[in-house]
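Q: input_8.pdb (PDB, C-alpha atoms and all ligand atoms) pasted underneath:
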ATOM      1  CA  MET L   1       0.283  -5.956   8.658  1.00  0.00           C
ATOM      2  CA  THR L   2       1.596  -3.276   6.382  1.00  0.00           C
ATOM      3  CA  GLU L   3      -0.349  -1.410   3.749  1.00  0.00           C
ATOM      4  CA  TRP L   4       1.413  -1.203   0.424  1.00  0.00           C
ATOM      5  CA  LYS L   5       0.533   1.003  -2.450  1.00  0.00           C
ATOM      6  CA  CYS L   6       1.796   0.703  -5.986  1.00  0.00           C
ATOM      7  CA  SER L   7       3.477   3.939  -6.953  1.00  0.00           C
ATOM      8  CA  ASP L   8       2.585   3.239 -10.546  1.00  0.00           C
ATOM      9  CA  CYS L   9      -1.123   2.457 -10.631  1.00  0.00           C
ATOM     10  CA  GLY L  10      -2.160   3.246  -7.073  1.00  0.00           C
ATOM     11  CA  TYR L  11      -3.249  -0.300  -6.287  1.00  0.00           C
ATOM     12  CA  SER L  12      -3.063  -0.963  -2.572  1.00  0.00           C
ATOM     13  CA  MET L  13      -2.924  -4.151  -0.579  1.00  0.00           C
ATOM     14  CA  SER L  14      -1.869  -5.353   2.840  1.00  0.00           C
ATOM     15  CA  GLY L  15       0.775  -7.878   3.716  1.00  0.00           C
ATOM     16  CA  ASP L  16       4.080  -8.379   5.459  1.00  0.00           C
ATOM     17  CA  LYS L  17       6.070  -7.557   2.361  1.00  0.00           C
ATOM     18  CA  PRO L  18       5.289  -5.776  -0.873  1.00  0.00           C
ATOM     19  CA  PRO L  19       4.542  -8.180  -3.754  1.00  0.00           C
ATOM     20  CA  GLU L  20       7.210  -8.958  -6.336  1.00  0.00           C
ATOM     21  CA  VAL L  21       4.899  -8.041  -9.153  1.00  0.00           C
ATOM     22  CA  CYS L  22       1.955  -5.711  -8.832  1.00  0.00           C
ATOM     23  CA  PRO L  23      -1.287  -7.748  -9.110  1.00  0.00           C
ATOM     24  CA  SER L  24      -2.952  -4.830 -10.799  1.00  0.00           C
ATOM     25  CA  CYS L  25      -0.552  -3.556 -13.439  1.00  0.00           C
ATOM     26  CA  GLN L  26       1.608  -6.702 -13.689  1.00  0.00           C
ATOM     27  CA  HIS L  27       4.824  -4.752 -13.442  1.00  0.00           C
ATOM     28  CA  LYS L  28       7.633  -4.710 -10.945  1.00  0.00           C
ATOM     29  CA  CYS L  29       6.455  -1.522  -9.424  1.00  0.00           C
ATOM     30  CA  GLU L  30       7.799   0.312  -6.474  1.00  0.00           C
ATOM     31  CA  PHE L  31       5.513  -0.260  -3.510  1.00  0.00           C
ATOM     32  CA  ILE L  32       5.302   2.398  -0.889  1.00  0.00           C
ATOM     33  CA  ASP L  33       4.383   1.819   2.727  1.00  0.00           C
ATOM     34  CA  VAL L  34       1.146   3.672   3.381  1.00  0.00           C
ATOM     35  CA  THR L  35       0.382   2.087   6.710  1.00  0.00           C
ATOM     36  CA  CYS L  36      -1.147   4.667   8.947  1.00  0.00           C
ATOM     37  CA  TYR L  37      -0.158   4.862  12.547  1.00  0.00           C
ATOM     38  CA  ILE L  38      -1.984   7.977  13.601  1.00  0.00           C
ATOM     39  CA  PRO L  39      -5.309   7.630  15.457  1.00  0.00           C
ATOM     40  CA  GLU L  40      -7.229   9.635  12.835  1.00  0.00           C
ATOM     41  CA  CYS L  41      -7.137   6.843  10.298  1.00  0.00           C
ATOM     42  CA  LYS L  42      -7.383   3.841  12.574  1.00  0.00           C
ATOM     43  CA  GLU L  43     -10.619   2.804  10.862  1.00  0.00           C
ATOM     44  CA  GLU L  44      -9.191   2.956   7.373  1.00  0.00           C
ATOM     45  CA  GLY L  45      -5.851   1.395   8.234  1.00  0.00           C
ATOM     46  CA  ARG L  46      -4.024   3.449   5.678  1.00  0.00           C
ATOM     47  CA  ASP L  47      -2.837   6.972   5.470  1.00  0.00           C
ATOM     48  CA  TYR L  48      -5.420   8.991   3.583  1.00  0.00           C
ATOM     49  CA  ARG L  49      -2.821  11.627   2.788  1.00  0.00           C
ATOM     50  CA  LEU L  50      -0.872   9.249   0.540  1.00  0.00           C
TER      51      LEU L  50
HETATM   52 ZN    ZN G 101       0.868  -1.357 -10.084  1.00  0.00          ZN
END
Write out the structure in this file as structure tokens.
Ligand SMILES: [Zn+2]
A:
Amino acid sequence: MTEWKCSDCGYSMSGDKPPEVCPSCQHKCEFIDVTCYIPECKEEGRDYRL
């Protein structure tokens, strides 16, 4: 699973692919991959720095 974050409104969700349209702001936003792979954020699942 990949964590995606809307670069527009900051909405984040997990899935294989980023959604076509952001469920939060209803726009075709750019989704950034915020999946965290370092051990520090294993609990959270996403990179807290993003
Ligand atoms: Zn959005």
Q: Can you list, as a PyMOL selection string, the residues that the PyMOL selection byres (((chain L and resi 11) around 10) and not hetatm) selects here?
A: chain L and resi 4-10+12-13+22-25+31
Q: Could you give me the axis-aligned bounding box of segment 30-42 of chain L, with 4 Å of padding per side, as centre plus edge lengths in Å to one decimal, as AutoDock Vina command-line options?
A:
--center_x 0.2 --center_y 4.7 --center_z 4.5 --size_x 23.2 --size_y 17.9 --size_z 29.9
Q: Using all atoms listed in the file, which of the listed residues (L:Ser14, L:Met1, L:Gln26, L:Glu20) sits closest to ligand ZN 101 (chain G)?
A: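 Going through L:Ser14, L:Met1, L:Gln26, L:Glu20 one by one, the smallest distance to ligand ZN 101 (chain G) is for L:Gln26.
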Q: Please report the interatomic distance between atom CA of Cys29 of chain L and atom CA of Gly15 of chain L in Å with one decimal.
A: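 We find that atom CA of Cys29 of chain L and atom CA of Gly15 of chain L lie 15.7 Å from each other.
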Q: Please compute the atom CA of Tyr37 of chain L-atom CA of Pro19 of chain L distance, one decimal, in Å.
A: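 Those two atoms sit 21.4 Å apart.
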Q: Return the single residue from L:Asp33, L:Ile38, L:Lys17, L:Lys28 that is closest to ligand ZN 101 (chain G), with distances computed using all atoms listed in the file.
A: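 Nearest candidate to ligand ZN 101 (chain G) out of L:Asp33, L:Ile38, L:Lys17, L:Lys28: L:Lys28.
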Q: Using only C-alpha atoms and all ligand atoms, find the one residue out of L:Pro18, L:His27, L:Pro39, L:Ile32 that sits nearest to ligand ZN 101 (chain G).
A: L:His27
